[in-house]
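Engineer: Structure: model_28.cif, mmCIF, C-alpha atoms and all ligand atoms.
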```cif
data_structure
#
loop_
_atom_site.label_atom_id
_atom_site.label_comp_id
_atom_site.auth_asym_id
_atom_site.auth_seq_id
_atom_site.Cartn_x
_atom_site.Cartn_y
_atom_site.Cartn_z
CA MET W 1339 139.83 135.17 149.06
CA PRO W 1340 136.17 135.82 148.26
CA THR W 1341 134.60 139.25 148.80
CA GLY W 1342 131.17 140.61 149.87
CA GLY W 1343 128.44 138.09 150.61
CA ASP W 1344 130.68 135.13 149.68
CA ARG W 1345 133.16 136.19 152.32
CA LEU W 1346 130.42 136.35 154.96
CA LYS W 1347 129.39 132.81 154.01
CA LEU W 1348 132.99 131.67 154.29
CA VAL W 1349 133.33 133.28 157.74
CA ALA W 1350 130.14 131.54 158.92
CA ALA W 1351 131.35 128.18 157.56
CA LEU W 1352 134.76 128.62 159.21
CA ARG W 1353 133.12 129.53 162.55
CA GLU W 1354 131.04 126.39 162.41
CA ARG W 1355 134.02 124.16 161.71
CA LEU W 1356 136.77 125.88 163.71
CA GLY W 1357 134.97 127.75 166.48
CA ASP W 1358 137.34 130.25 168.18
CA ARG W 1359 140.11 129.42 165.74
CA ALA W 1360 138.14 130.78 162.78
CA ALA W 1361 139.24 134.40 163.38
CA PRO W 1362 143.03 133.76 163.40
CA VAL W 1363 142.74 131.40 160.43
CA LEU W 1364 140.90 134.06 158.45
CA GLU W 1365 143.30 136.81 159.52
CA THR W 1366 146.25 134.67 158.45
CA ALA W 1367 144.66 134.06 155.06
CA LEU W 1368 144.08 137.79 154.60
CA LEU W 1369 147.66 138.63 155.61
CA GLN W 1370 149.00 135.99 153.24
CA GLU W 1371 146.94 137.45 150.45
CA ARG W 1372 148.27 140.95 151.15
CA ALA W 1373 151.88 139.73 151.32
CA ARG W 1374 151.66 137.67 148.13
CA GLY W 1375 154.79 138.00 146.00
CA ARG W 1376 156.83 139.41 148.89
CA ILE W 1377 156.64 136.52 151.34
CA PRO W 1378 156.51 132.82 150.49
CA GLU W 1379 153.00 131.36 150.11
CA GLY W 1380 151.52 129.69 153.16
CA TRP W 1381 153.69 131.43 155.76
CA LEU W 1382 152.40 132.27 159.22
CA LEU W 1383 152.57 136.02 159.84
CA THR W 1384 151.33 138.89 161.93
CA GLY W 1385 150.40 142.19 160.25
CA ASP W 1386 153.48 143.96 161.63
CA ALA W 1387 155.79 141.06 160.82
CA ALA W 1388 154.55 141.02 157.22
CA GLU W 1389 155.14 144.75 156.89
CA GLN W 1390 158.64 144.50 158.37
CA ALA W 1391 159.76 141.42 156.47
CA THR W 1392 162.67 141.85 154.08
CA ALA W 1393 161.55 141.29 150.47
CA ALA W 1394 162.74 137.88 149.28
CA PRO W 1395 165.05 139.16 146.45
CA VAL W 1396 166.75 141.60 148.86
CA ALA W 1397 167.28 138.85 151.46
CA ALA W 1398 168.55 136.51 148.72
CA HIS W 1399 171.08 139.11 147.57
CA ARG W 1400 172.40 139.53 151.13
CA ALA W 1401 172.55 135.76 151.57
CA ARG W 1402 174.70 135.45 148.42
CA ARG W 1403 177.22 137.86 149.94
CA LEU W 1404 177.35 135.64 153.03
CA ALA W 1405 177.70 132.36 151.09
CA GLY W 1406 179.55 129.75 153.10
CA ARG W 1407 179.75 131.80 156.33
CA ASP W 1408 177.98 130.70 159.52
CA VAL W 1409 175.24 133.27 160.08
CA HIS W 1410 173.12 134.21 163.08
CA ASP W 1411 170.05 136.37 162.36
CA VAL W 1412 169.58 138.05 165.74
CA THR W 1413 166.23 139.71 164.85
CA CYS W 1414 164.81 136.86 162.78
CA SER W 1415 161.09 137.62 163.25
CA VAL W 1416 159.04 135.14 161.16
CA GLY W 1417 162.11 134.05 159.18
CA ALA W 1418 162.35 135.95 155.87
CA GLU W 1419 166.14 136.33 156.06
CA LEU W 1420 166.59 132.78 157.39
CA ALA W 1421 164.72 131.35 154.41
CA ALA W 1422 167.16 133.10 152.07
CA LEU W 1423 170.24 132.15 154.09
CA ARG W 1424 169.31 128.47 154.39
CA GLY W 1425 171.23 126.46 151.82
CA VAL W 1426 173.45 129.43 150.83
CA ALA W 1427 175.25 130.35 154.05
CA GLY W 1428 177.05 127.74 156.16
CA ARG W 1429 175.22 127.02 159.42
CA VAL W 1430 172.24 129.28 160.05
CA LEU W 1431 170.73 130.23 163.42
CA GLY W 1432 167.81 132.54 164.21
CA SER W 1433 166.78 134.38 167.35
CA ASP W 1434 164.29 137.04 168.35
CA LEU W 1435 162.72 138.35 171.53
CA ASP W 1436 159.14 137.88 170.33
CA PRO W 1437 157.87 134.37 171.18
CA VAL W 1438 154.93 134.56 168.74
CA ARG W 1439 157.15 135.43 165.79
CA LEU W 1440 159.58 132.68 166.78
CA ALA W 1441 156.74 130.15 166.91
CA MET W 1442 155.73 131.24 163.41
CA ALA W 1443 159.33 131.04 162.18
CA ARG W 1444 159.47 127.44 163.45
CA VAL W 1445 156.69 126.62 160.99
CA ASN W 1446 157.96 128.86 158.18
CA VAL W 1447 161.59 127.72 158.15
CA PRO W 1448 161.59 124.18 159.54
CA GLY W 1449 164.99 122.77 160.38
CA VAL W 1450 166.63 126.11 161.19
CA PRO W 1451 167.63 126.24 164.89
CA LEU W 1452 165.72 129.04 166.63
CA VAL W 1453 166.12 130.42 170.14
CA ARG W 1454 164.50 133.22 172.10
CA ALA W 1455 167.36 135.59 172.84
CA ASP W 1456 168.21 139.25 173.18
CA ALA W 1457 170.25 140.51 170.23
CA LEU W 1458 172.29 142.50 172.73
CA ALA W 1459 173.58 139.25 174.19
CA PRO W 1460 174.32 137.19 171.07
CA CYS W 1461 174.36 133.51 171.91
CA SER W 1462 176.60 132.35 169.07
CA ARG W 1463 180.32 132.40 168.43
CA ASP W 1464 182.27 132.91 165.20
CA THR W 1465 179.17 133.85 163.27
CA VAL W 1466 178.23 136.77 161.08
CA LEU W 1467 175.43 138.59 162.90
CA VAL W 1468 172.60 139.74 160.66
CA ALA W 1469 170.23 142.28 162.21
CA ASP W 1470 167.26 144.28 161.05
CA PRO W 1471 166.23 146.45 164.00
CA ALA W 1472 162.67 147.77 164.05
CA ARG W 1473 162.54 151.48 163.30
CA ARG W 1474 159.39 152.41 165.17
CA THR W 1475 159.24 153.68 168.73
CA ALA W 1476 156.89 152.16 171.32
CA ALA W 1477 154.44 154.94 170.36
CA GLY W 1478 154.46 153.64 166.76
CA ARG W 1479 156.36 156.63 165.32
CA ARG W 1480 159.15 156.10 162.78
CA THR W 1481 162.55 156.98 164.20
CA TRP W 1482 165.83 157.91 162.51
CA ARG W 1483 167.95 157.71 165.66
CA PRO W 1484 169.90 154.42 165.74
CA ALA W 1485 169.78 154.58 169.56
CA ASP W 1486 165.95 154.41 169.39
CA PHE W 1487 165.78 151.34 167.15
CA ALA W 1488 164.67 148.02 168.65
CA PRO W 1489 167.19 146.65 169.41
CA PRO W 1490 169.18 149.93 169.70
CA LEU W 1491 171.67 149.89 166.85
CA ASP W 1492 174.45 151.62 168.77
CA ASP W 1493 174.34 148.99 171.51
CA LEU W 1494 174.07 146.17 169.00
CA ALA W 1495 177.18 147.36 167.13
CA ALA W 1496 179.02 147.81 170.42
CA VAL W 1497 178.23 144.24 171.45
CA ALA W 1498 178.87 142.65 168.08
CA LEU W 1499 182.06 144.50 167.27
CA GLY W 1500 183.42 144.79 170.80
CA ASP W 1501 183.51 148.58 170.60
CA ARG W 1502 184.00 149.62 174.19
CA SER W 1503 183.99 153.28 173.28
CA ALA W 1504 180.36 153.21 172.10
CA ASP W 1505 177.96 155.22 174.18
CA THR W 1506 176.22 152.57 176.24
CA ASP W 1507 175.85 152.23 179.96
CA ALA W 1508 174.16 148.87 180.11
CA GLU W 1509 176.01 146.86 182.73
CA CYS W 1510 175.16 143.57 181.06
CA LEU W 1511 176.88 144.72 177.87
CA ARG W 1512 180.06 145.57 179.74
CA ARG W 1513 180.05 142.13 181.36
CA HIS W 1514 179.41 140.59 177.99
CA PHE W 1515 182.46 142.19 176.36
CA ALA W 1516 184.70 140.20 178.67
CA ASP W 1517 183.99 136.84 177.05
CA THR W 1518 182.34 137.45 173.69
CA PRO W 1519 184.59 137.34 170.64
CA ASP W 1520 184.03 140.02 168.02
CA HIS W 1521 181.63 139.21 165.21
CA ASP W 1522 181.18 140.48 161.72
CA LEU W 1523 177.94 142.40 161.47
CA VAL W 1524 175.53 143.33 158.70
CA VAL W 1525 172.53 145.51 159.48
CA SER W 1526 169.55 146.21 157.28
CA THR W 1527 168.22 149.69 157.89
CA ALA W 1528 166.41 152.64 156.32
CA PRO W 1529 168.05 154.06 153.17
CA GLY W 1530 167.88 157.59 154.60
CA LEU W 1531 170.00 156.83 157.66
CA ASP W 1532 172.89 159.28 158.00
CA PRO W 1533 176.12 157.21 157.65
CA ALA W 1534 177.79 159.57 160.15
CA LEU W 1535 175.57 157.98 162.82
CA VAL W 1536 177.04 154.53 162.16
CA PRO W 1537 180.81 155.09 161.97
CA TRP W 1538 181.45 151.36 162.47
CA ALA W 1539 179.87 150.62 159.05
CA GLN W 1540 182.75 150.35 156.58
CA GLU W 1541 180.45 149.77 153.62
CA VAL W 1542 177.05 151.35 153.09
CA GLU W 1543 175.11 149.50 150.40
CA ILE W 1544 171.90 151.06 149.10
CA VAL W 1545 169.60 148.41 147.66
CA SER W 1546 166.64 148.95 145.35
CA LEU W 1547 164.21 146.42 143.97
CA ASP W 1548 162.28 147.07 140.75
CA GLY W 1549 162.98 150.80 140.92
CA ARG W 1550 162.09 151.28 144.60
CA VAL W 1551 164.85 151.95 147.13
CA ARG W 1552 164.38 149.35 149.88
CA GLU W 1553 167.20 149.61 152.40
CA ALA W 1554 170.69 150.56 153.38
CA ALA W 1555 172.75 147.53 154.31
CA LEU W 1556 175.59 148.40 156.69
CA TRP W 1557 178.59 146.08 156.55
CA SER W 1558 181.23 145.95 159.28
CA ALA W 1559 184.96 145.95 158.48
CA GLY W 1560 185.31 142.17 158.09
CA LEU W 1561 182.61 142.06 155.41
CA ALA W 1562 183.02 145.40 153.62
CA ARG W 1563 184.39 145.27 150.07
CA THR W 1564 184.17 148.96 149.22
CA SER W 1565 182.85 151.96 151.11
CA ARG W 1566 179.76 152.80 149.01
CA ARG W 1567 177.76 150.48 146.81
CA ALA W 1568 174.48 150.73 144.91
CA THR W 1569 172.76 147.42 144.23
CA VAL W 1570 169.92 147.61 141.75
CA LEU W 1571 167.87 144.41 141.90
CA SER W 1572 165.27 143.60 139.31
CA SER W 1573 162.72 140.81 139.20
CA ARG W 1574 163.54 140.65 135.48
CA GLY W 1575 166.92 139.32 136.61
CA ALA W 1576 169.19 142.12 135.36
CA ASP W 1577 170.87 143.12 138.62
CA VAL W 1578 173.43 145.93 138.56
CA GLU W 1579 176.07 146.96 141.12
CA VAL W 1580 178.01 150.22 141.17
CA THR W 1581 180.72 151.06 143.71
CA ASP W 1582 182.82 154.04 144.67
CA ALA W 1583 185.93 152.12 143.60
CA GLU W 1584 184.99 152.73 139.95
CA ASP W 1585 186.17 155.48 137.64
CA ASP W 1586 184.06 158.62 138.17
CA ALA W 1587 185.08 160.67 135.13
CA CYS W 1588 181.68 162.01 134.10
CA PRO W 1589 181.87 165.54 132.71
CA VAL W 1590 179.09 168.14 132.56
CA ALA W 1591 177.82 168.86 129.03
CA PRO W 1592 174.61 169.76 127.16
CA ALA W 1593 172.01 167.08 126.52
CA GLY W 1594 172.64 164.51 123.82
CA GLU W 1595 170.06 162.19 122.28
CA TRP W 1596 169.03 160.55 125.56
CA ILE W 1597 168.36 161.62 129.14
CA VAL W 1598 168.86 159.01 131.82
CA ASP W 1599 167.42 159.23 135.31
CA PRO W 1600 169.59 156.78 137.28
CA ASP W 1601 168.02 154.32 139.70
CA GLY W 1602 167.31 155.71 143.19
CA ALA W 1603 169.91 153.37 144.72
CA VAL W 1604 172.64 154.91 142.53
CA VAL W 1605 171.48 158.42 143.40
CA ARG W 1606 171.19 157.76 147.15
CA ALA W 1607 174.57 156.03 147.24
CA GLY W 1608 176.15 159.11 145.61
CA LEU W 1609 177.38 157.05 142.66
CA VAL W 1610 175.84 158.91 139.71
CA ARG W 1611 179.28 159.86 138.32
CA GLN W 1612 180.54 156.27 138.52
CA TYR W 1613 177.38 154.96 136.83
CA GLY W 1614 177.68 157.63 134.13
CA ALA W 1615 181.36 156.93 133.53
CA ARG W 1616 180.68 153.21 133.20
CA HIS W 1617 178.14 153.84 130.42
CA GLY W 1618 179.90 156.70 128.63
CA LEU W 1619 177.32 159.24 129.82
CA TRP W 1620 177.74 162.83 130.93
CA ARG W 1621 175.93 164.98 133.49
CA LEU W 1622 173.50 167.75 132.58
CA ASP W 1623 174.60 169.75 135.59
CA GLU W 1624 177.15 169.59 138.42
CA HIS W 1625 174.38 169.34 141.04
CA LEU W 1626 171.75 167.18 139.36
CA ALA W 1627 171.48 163.42 139.07
CA TYR W 1628 170.32 163.52 135.41
CA LEU W 1629 172.69 161.97 132.89
CA SER W 1630 172.75 162.20 129.13
CA GLY W 1631 174.31 160.24 126.30
CA ASP W 1632 174.08 158.88 122.78
CA ALA W 1633 172.64 155.55 123.91
CA PRO W 1634 170.85 154.55 127.13
CA PRO W 1635 172.43 151.93 129.40
CA PRO W 1636 170.77 148.50 129.31
CA GLY W 1637 167.96 147.71 131.74
CA ILE W 1638 166.88 151.27 132.47
CA ARG W 1639 163.95 153.39 131.30
CA ALA W 1640 165.38 156.36 129.42
CA PHE W 1641 164.06 159.41 127.57
CA ARG W 1642 164.80 160.29 123.95
CA VAL W 1643 165.02 164.10 123.66
CA LEU W 1644 162.63 165.44 121.00
CA GLU W 1645 163.28 169.11 121.68
CA HIS W 1646 164.41 171.32 124.53
CA GLY W 1647 164.71 174.93 125.56
CA ARG W 1648 164.42 177.38 128.43
CA TYR W 1649 161.53 176.32 130.70
CA GLY W 1650 158.51 178.58 130.84
CA GLU W 1651 154.96 177.40 131.34
CA LYS W 1652 153.54 179.19 128.28
CA THR W 1653 156.27 177.94 125.94
CA LEU W 1654 155.85 174.40 127.23
CA ARG W 1655 152.07 174.59 126.75
CA ARG W 1656 152.53 175.71 123.12
CA THR W 1657 155.15 173.01 122.41
CA LEU W 1658 152.96 170.24 123.81
CA ALA W 1659 149.90 171.51 121.92
CA ALA W 1660 151.87 171.55 118.66
CA ARG W 1661 152.87 167.93 119.29
CA GLY W 1662 149.31 166.87 120.18
CA VAL W 1663 150.35 165.61 123.62
CA GLY W 1664 147.33 164.48 125.66
CA ARG W 1665 149.17 162.44 128.28
CA LEU W 1666 152.27 163.78 129.98
CA GLU W 1667 154.73 162.43 132.52
CA ILE W 1668 156.50 165.27 134.33
CA LEU W 1669 159.90 164.73 135.97
CA VAL W 1670 161.41 167.55 138.00
CA ARG W 1671 164.87 168.07 139.52
CA GLY W 1672 166.07 171.21 141.22
CA LEU W 1673 162.96 173.30 140.42
CA ASP W 1674 160.06 174.15 142.67
CA VAL W 1675 157.40 172.69 140.37
CA ASP W 1676 154.58 170.41 141.52
CA PRO W 1677 153.77 168.12 138.55
CA ASN W 1678 150.19 167.56 139.76
CA ALA W 1679 149.55 171.31 139.93
CA LEU W 1680 151.32 171.99 136.61
CA ARG W 1681 149.60 169.27 134.54
CA PRO W 1682 146.07 170.78 134.40
CA ARG W 1683 147.50 174.22 133.60
CA LEU W 1684 149.15 172.79 130.49
CA LYS W 1685 145.68 172.05 129.02
CA LEU W 1686 146.84 168.80 127.44
CA ALA W 1687 144.90 167.56 124.43
CA GLY W 1688 145.75 165.16 121.64
CA PRO W 1689 146.48 161.51 120.87
CA HIS W 1690 150.17 161.42 121.84
CA GLU W 1691 152.04 160.89 125.07
CA ALA W 1692 155.34 162.40 126.16
CA THR W 1693 157.61 162.92 129.11
CA VAL W 1694 158.90 166.33 130.05
CA VAL W 1695 162.06 166.60 132.13
CA LEU W 1696 162.32 169.91 133.98
CA ALA W 1697 165.74 170.65 135.42
CA ARG W 1698 167.52 173.59 136.99
CA LEU W 1699 170.84 173.87 135.18
CA ALA W 1700 173.57 176.37 135.99
CA SER W 1701 172.34 178.33 132.94
CA GLY W 1702 168.71 178.40 134.16
CA PRO W 1703 165.59 176.21 134.13
CA GLU W 1704 165.44 173.90 131.11
CA ALA W 1705 162.59 171.78 129.72
CA TYR W 1706 163.29 168.63 127.71
CA VAL W 1707 160.32 167.20 125.84
CA CYS W 1708 161.03 163.50 125.44
CA GLU W 1709 159.66 160.15 124.42
CA ALA W 1710 160.14 157.46 127.06
CA ALA W 1711 161.68 154.15 126.06
CA ALA W 1712 161.21 150.93 128.05
CA PRO W 1713 164.34 149.33 129.54
CA GLY W 1714 166.52 147.72 126.89
CA ARG W 1715 168.10 144.32 127.39
CA SER W 1716 171.42 144.03 129.18
C1 LIG X 1801 162.16 144.67 161.58
S1 LIG X 1801 161.87 143.18 162.42
C2 LIG X 1801 162.94 142.06 161.59
C3 LIG X 1801 162.35 141.55 160.32
C4 LIG X 1801 163.12 140.41 159.72
N1 LIG X 1801 164.42 140.81 159.23
C5 LIG X 1801 162.33 139.83 158.54
O1 LIG X 1801 162.77 139.95 157.40
O2 LIG X 1801 161.25 139.28 158.78
C6 LIG X 1801 162.69 143.46 163.94
C7 LIG X 1801 162.63 142.28 164.89
O3 LIG X 1801 163.50 142.56 165.98
C8 LIG X 1801 162.95 141.95 167.14
N2 LIG X 1801 163.61 142.58 168.30
C9 LIG X 1801 163.45 143.81 168.82
N3 LIG X 1801 164.29 144.00 169.84
C10 LIG X 1801 165.02 142.88 169.96
C11 LIG X 1801 166.08 142.46 170.80
N4 LIG X 1801 166.58 143.25 171.76
N5 LIG X 1801 166.59 141.23 170.63
C12 LIG X 1801 166.11 140.39 169.67
N6 LIG X 1801 165.12 140.72 168.84
C13 LIG X 1801 164.59 141.95 168.97
C14 LIG X 1801 161.47 142.19 167.01
O4 LIG X 1801 160.75 141.27 167.79
C15 LIG X 1801 161.26 142.01 165.50
O5 LIG X 1801 160.87 140.69 165.21
#
```
Show how you would write the structure in this file as structure tokens.

Structural biologist:
Amino acid sequence: MPTGGDRLKLVAALRERLGDRAAPVLETALLQERARGRIPEGWLLTGDAAEQATAAPVAAHRARRLAGRDVHDVTCSVGAELAALRGVAGRVLGSDLDPVRLAMARVNVPGVPLVRADALAPCSRDTVLVADPARRTAAGRRTWRPADFAPPLDDLAAVALGDRSADTDAECLRRHFADTPDHDLVVSTAPGLDPALVPWAQEVEIVSLDGRVREAALWSAGLARTSRRATVLSSRGADVEVTDAEDDACPVAPAGEWIVDPDGAVVRAGLVRQYGARHGLWRLDEHLAYLSGDAPPPGIRAFRVLEHGRYGEKTLRRTLAARGVGRLEILVRGLDVDPNALRPRLKLAGPHEATVVLARLASGPEAYVCEAAAPGRS
């Protein structure tokens, strides 16, 4: 998309050729440009739909877990999940309340049956229901209460799973229970959601993509394979899964040659011990997510320890000066240190770069001066 004067010329040319349609055509092109890499090229979108769409690798991972099952995406929006499910799941159906998004989905995922329907009255039988409720209130604020999602997650679970004890007073739901068979349900939601708020979810899967935690996927009893799972997706193709069914023998011991900061999905899923045990690592402290070992696991950025000692700003400044460190990455766990405030006070100068890991151990605050190593191959 051109910028500056060229863009103005393009707008004028579009107006001349397309009249009133020039504005939506241009807006679509801009949205497509912004969503490049996340959403397939050429899709019709709205700004909100683009922001809410599940990233393609995350949707593809979920679709693989549903291979062969008939699946109904009850909040399909412009079709990101449907595109991943098509050809992997059995029969695929999409529905949404928003007629504009549905019209766009018709263009984006041709051939997939789409209907306008309320997710709280699912219009399919014997399907797995996939849902991704919006997490903003009508006022545009982000909400953490499942009852405030759109559609409300509590009601959705009650309808899908036939849970008559759920707190809902909608008469239509009660009528619906009478003749709707139970479904399996998978819900994509925010990674910070308190699992205690969704007791129906038998498996909570935290999913990250390229180092960024993207979602918590909640799996109902018929689909759950374990109770906690971390799925670490990578566009380099080295995906990793860790579950709470694995050995968690991961002792606490002083740092070895390497420090490993596990992926956010592993940390959020509470599976640091299992990940450590799998790779022969140990923990630096009972309460911290940092691991250490003689060799870093494959596919993860790790830090080779050059020297370490009790953390104090003056000592650290001297150490970094002696090493000629001019560029410094600062990682902090368990200490009240703001890296952006600390960095200028360290008066960095020199040709080298380093990473310093600051951690509160049971014995006190510790600083590890390290050299970062790019992810090794798996
Ligand atoms: C977060 S978006 C889903 C995004 C979708 N998973 C994707 O990857 O593009 C939530 C969708 O739920 C729809 N929605 C909200 N309430 C609904 C309801 N009661 N029934 C059906 N759809 C609903 C909205 O119109 C919106 O398209």

Engineer: Interatomic distance between atom C2 of ligand LIG 1801 (chain X) and CA of Ser1415 (chain W)?

Structural biologist: 5.1 Å

Engineer: Go ahead and compute the interatomic distance for CA of Ser1565 (chain W) and CA of Trp1482 (chain W), in Å to one decimal.

Structural biologist: 21.3 Å

Engineer: What residues of the protein or nucleic acid chains come within 9 Å of ligand LIG 1801 (chain X) when you use only C-alpha atoms and all ligand atoms? Reply as a ChimeraX atom specification.

Structural biologist: /W:1386-1394,1397,1411-1420,1433-1440,1454-1460,1468-1474,1487-1490,1494,1526-1527

Engineer: Mind checking which residues fall within 9 Å of Val1450 (chain W), counting only C-alpha atoms, ignoring those fewer than 6 positions away in the same chain, and posting them as an NGL selection string?

Structural biologist: :W and (1420-1421 or 1424 or 1429-1432 or 1443-1444)

Engineer: Could you tell me how far CA of Arg1639 (chain W) sits from CA of Leu1684 (chain W), in Å to one decimal place?

Structural biologist: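 Interatomic distance, CA of Leu1684 (chain W) to CA of Arg1639 (chain W): 24.4 Å.
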
Engineer: As a PDB file with C-alpha atoms, in the frame of the given file, please: the residues near Val1363 (chain W) (cut-off 12 Å, all atoms listed in the file, same-chain neighbours under 2 positions excluded).

Structural biologist:
```pdb
ATOM      1  CA  LEU W1348     132.990 131.670 154.290  1.00  0.00           C
ATOM      2  CA  VAL W1349     133.330 133.280 157.740  1.00  0.00           C
ATOM      3  CA  LEU W1352     134.760 128.620 159.210  1.00  0.00           C
ATOM      4  CA  ARG W1353     133.120 129.530 162.550  1.00  0.00           C
ATOM      5  CA  ARG W1355     134.020 124.160 161.710  1.00  0.00           C
ATOM      6  CA  LEU W1356     136.770 125.880 163.710  1.00  0.00           C
ATOM      7  CA  GLY W1357     134.970 127.750 166.480  1.00  0.00           C
ATOM      8  CA  ASP W1358     137.340 130.250 168.180  1.00  0.00           C
ATOM      9  CA  ARG W1359     140.110 129.420 165.740  1.00  0.00           C
ATOM     10  CA  ALA W1360     138.140 130.780 162.780  1.00  0.00           C
ATOM     11  CA  ALA W1361     139.240 134.400 163.380  1.00  0.00           C
ATOM     12  CA  GLU W1365     143.300 136.810 159.520  1.00  0.00           C
ATOM     13  CA  THR W1366     146.250 134.670 158.450  1.00  0.00           C
ATOM     14  CA  ALA W1367     144.660 134.060 155.060  1.00  0.00           C
ATOM     15  CA  LEU W1368     144.080 137.790 154.600  1.00  0.00           C
ATOM     16  CA  LEU W1369     147.660 138.630 155.610  1.00  0.00           C
ATOM     17  CA  GLN W1370     149.000 135.990 153.240  1.00  0.00           C
ATOM     18  CA  GLY W1380     151.520 129.690 153.160  1.00  0.00           C
ATOM     19  CA  TRP W1381     153.690 131.430 155.760  1.00  0.00           C
ATOM     20  CA  LEU W1382     152.400 132.270 159.220  1.00  0.00           C
ATOM     21  CA  LEU W1383     152.570 136.020 159.840  1.00  0.00           C
ATOM     22  CA  THR W1384     151.330 138.890 161.930  1.00  0.00           C
TER      23      THR W1384
END
```

Engineer: Choose the residue, out of W:Ala1591, W:Val1605, W:Val1610, W:Ala1427, that has the smallest atom-to-atom separation from Ala1398 (chain W); count all atoms listed in the file.

Structural biologist: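 Result for the nearest residue to Ala1398 (chain W): W:Ala1427.
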
Engineer: Kindly indicate which residue among W:Arg1567, W:Arg1642, W:Arg1683, W:Arg1483 lies nearest to Asp1599 (chain W), using only C-alpha atoms for the distances.

Structural biologist: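 Looking only at the distances to Asp1599 (chain W), the closest residue turns out to be W:Arg1642.
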
Engineer: Residues within 9 Å of Tyr1706 (chain W), please, as a VMD selection string. Count all atoms listed in the file; anything in the same chain fewer than 6 positions from it doesn't count.

Structural biologist: chain W and resid 1593 1597 1643 to 1649 1693 to 1697

Engineer: Would you mind listing what lies within 12 Å of Ala1700 (chain W) as a PDB file with C-alpha atoms, keeping the file's coordinate frame, with all atoms listed in the file counted and same-chain residues fewer than 4 positions away left out?

Structural biologist:
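The new file around_37.pdb reads:
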```pdb
ATOM      1  CA  VAL W1590     179.090 168.140 132.560  1.00  0.00           C
ATOM      2  CA  ALA W1591     177.820 168.860 129.030  1.00  0.00           C
ATOM      3  CA  PRO W1592     174.610 169.760 127.160  1.00  0.00           C
ATOM      4  CA  ARG W1621     175.930 164.980 133.490  1.00  0.00           C
ATOM      5  CA  LEU W1622     173.500 167.750 132.580  1.00  0.00           C
ATOM      6  CA  ASP W1623     174.600 169.750 135.590  1.00  0.00           C
ATOM      7  CA  GLU W1624     177.150 169.590 138.420  1.00  0.00           C
ATOM      8  CA  HIS W1625     174.380 169.340 141.040  1.00  0.00           C
ATOM      9  CA  LEU W1626     171.750 167.180 139.360  1.00  0.00           C
ATOM     10  CA  ARG W1648     164.420 177.380 128.430  1.00  0.00           C
ATOM     11  CA  GLY W1672     166.070 171.210 141.220  1.00  0.00           C
ATOM     12  CA  LEU W1673     162.960 173.300 140.420  1.00  0.00           C
ATOM     13  CA  GLU W1704     165.440 173.900 131.110  1.00  0.00           C
TER      14      GLU W1704
END
```

Engineer: Would you kindly return, as a PDB file with C-alpha atoms, in the coordinates of the input, each protein, DNA or RNA residue with an atom no farther than 7 Å from any atom of region 1659-1661 of chain W, considering only C-alpha atoms and excluding same-chain residues fewer than 2 positions away?

Structural biologist:
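Result file out.pdb:
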```pdb
ATOM      1  CA  ARG W1655     152.070 174.590 126.750  1.00  0.00           C
ATOM      2  CA  ARG W1656     152.530 175.710 123.120  1.00  0.00           C
ATOM      3  CA  THR W1657     155.150 173.010 122.410  1.00  0.00           C
ATOM      4  CA  VAL W1663     150.350 165.610 123.620  1.00  0.00           C
ATOM      5  CA  LEU W1686     146.840 168.800 127.440  1.00  0.00           C
ATOM      6  CA  ALA W1687     144.900 167.560 124.430  1.00  0.00           C
TER       7      ALA W1687
END
```

Engineer: Show me the residues close to (164.0, 138.8, 138.6) - anything with an atom within 12 Å, counting all atoms listed in the file - and format the list as a list of chain:residue names.

Structural biologist: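 Applying the cut-off with all atoms listed in the file, one gets W:Gly1375, W:Ala1394, W:Pro1395, W:Val1396, W:Ala1398, W:His1399, W:Leu1547, W:Asp1548, W:Val1570, W:Leu1571, W:Ser1572, W:Ser1573, W:Arg1574, W:Gly1575, W:Ala1576, W:Asp1577, W:Val1578, W:Gly1637.
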
Engineer: Box time for region 1380-1399 of chain W: axis-aligned, enclosing all its listed atoms, 8 Å extra on each side; report centre and edge lengths in Å to one decimal, as AutoDock Vina command-line options.

Structural biologist:
```
--center_x 160.7 --center_y 137.2 --center_z 154.2 --size_x 36.7 --size_y 31.1 --size_z 31.5
```

Engineer: Out of W:Trp1538, W:Phe1641, W:Trp1596, W:Tyr1613, which residue has the shortest atom-to-atom distance to Ala1583 (chain W) when counting all atoms listed in the file?

Structural biologist: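 Among the listed residues, the smallest separation from Ala1583 (chain W) belongs to W:Tyr1613.
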
Engineer: How would region 1485-1489 of chain W look with N, CA and C atoms restored, written as an mmCIF file, in the frame of the given file?

Structural biologist:
```cif
data_model
loop_
_atom_site.group_PDB
_atom_site.id
_atom_site.type_symbol
_atom_site.label_atom_id
_atom_site.label_comp_id
_atom_site.auth_asym_id
_atom_site.auth_seq_id
_atom_site.Cartn_x
_atom_site.Cartn_y
_atom_site.Cartn_z
ATOM 1 N N ALA W 1485 169.911 154.946 168.144
ATOM 2 C CA ALA W 1485 169.780 154.580 169.560
ATOM 3 C C ALA W 1485 168.334 154.239 169.915
ATOM 4 N N ASP W 1486 167.360 154.675 169.094
ATOM 5 C CA ASP W 1486 165.950 154.410 169.390
ATOM 6 C C ASP W 1486 165.410 153.175 168.670
ATOM 7 N N PHE W 1487 166.257 152.539 167.842
ATOM 8 C CA PHE W 1487 165.780 151.340 167.150
ATOM 9 C C PHE W 1487 165.564 150.219 168.187
ATOM 10 N N ALA W 1488 164.849 149.181 167.772
ATOM 11 C CA ALA W 1488 164.670 148.020 168.650
ATOM 12 C C ALA W 1488 165.163 146.776 167.917
ATOM 13 N N PRO W 1489 166.304 146.200 168.331
ATOM 14 C CA PRO W 1489 167.190 146.650 169.410
ATOM 15 C C PRO W 1489 167.944 147.914 168.996
#
```
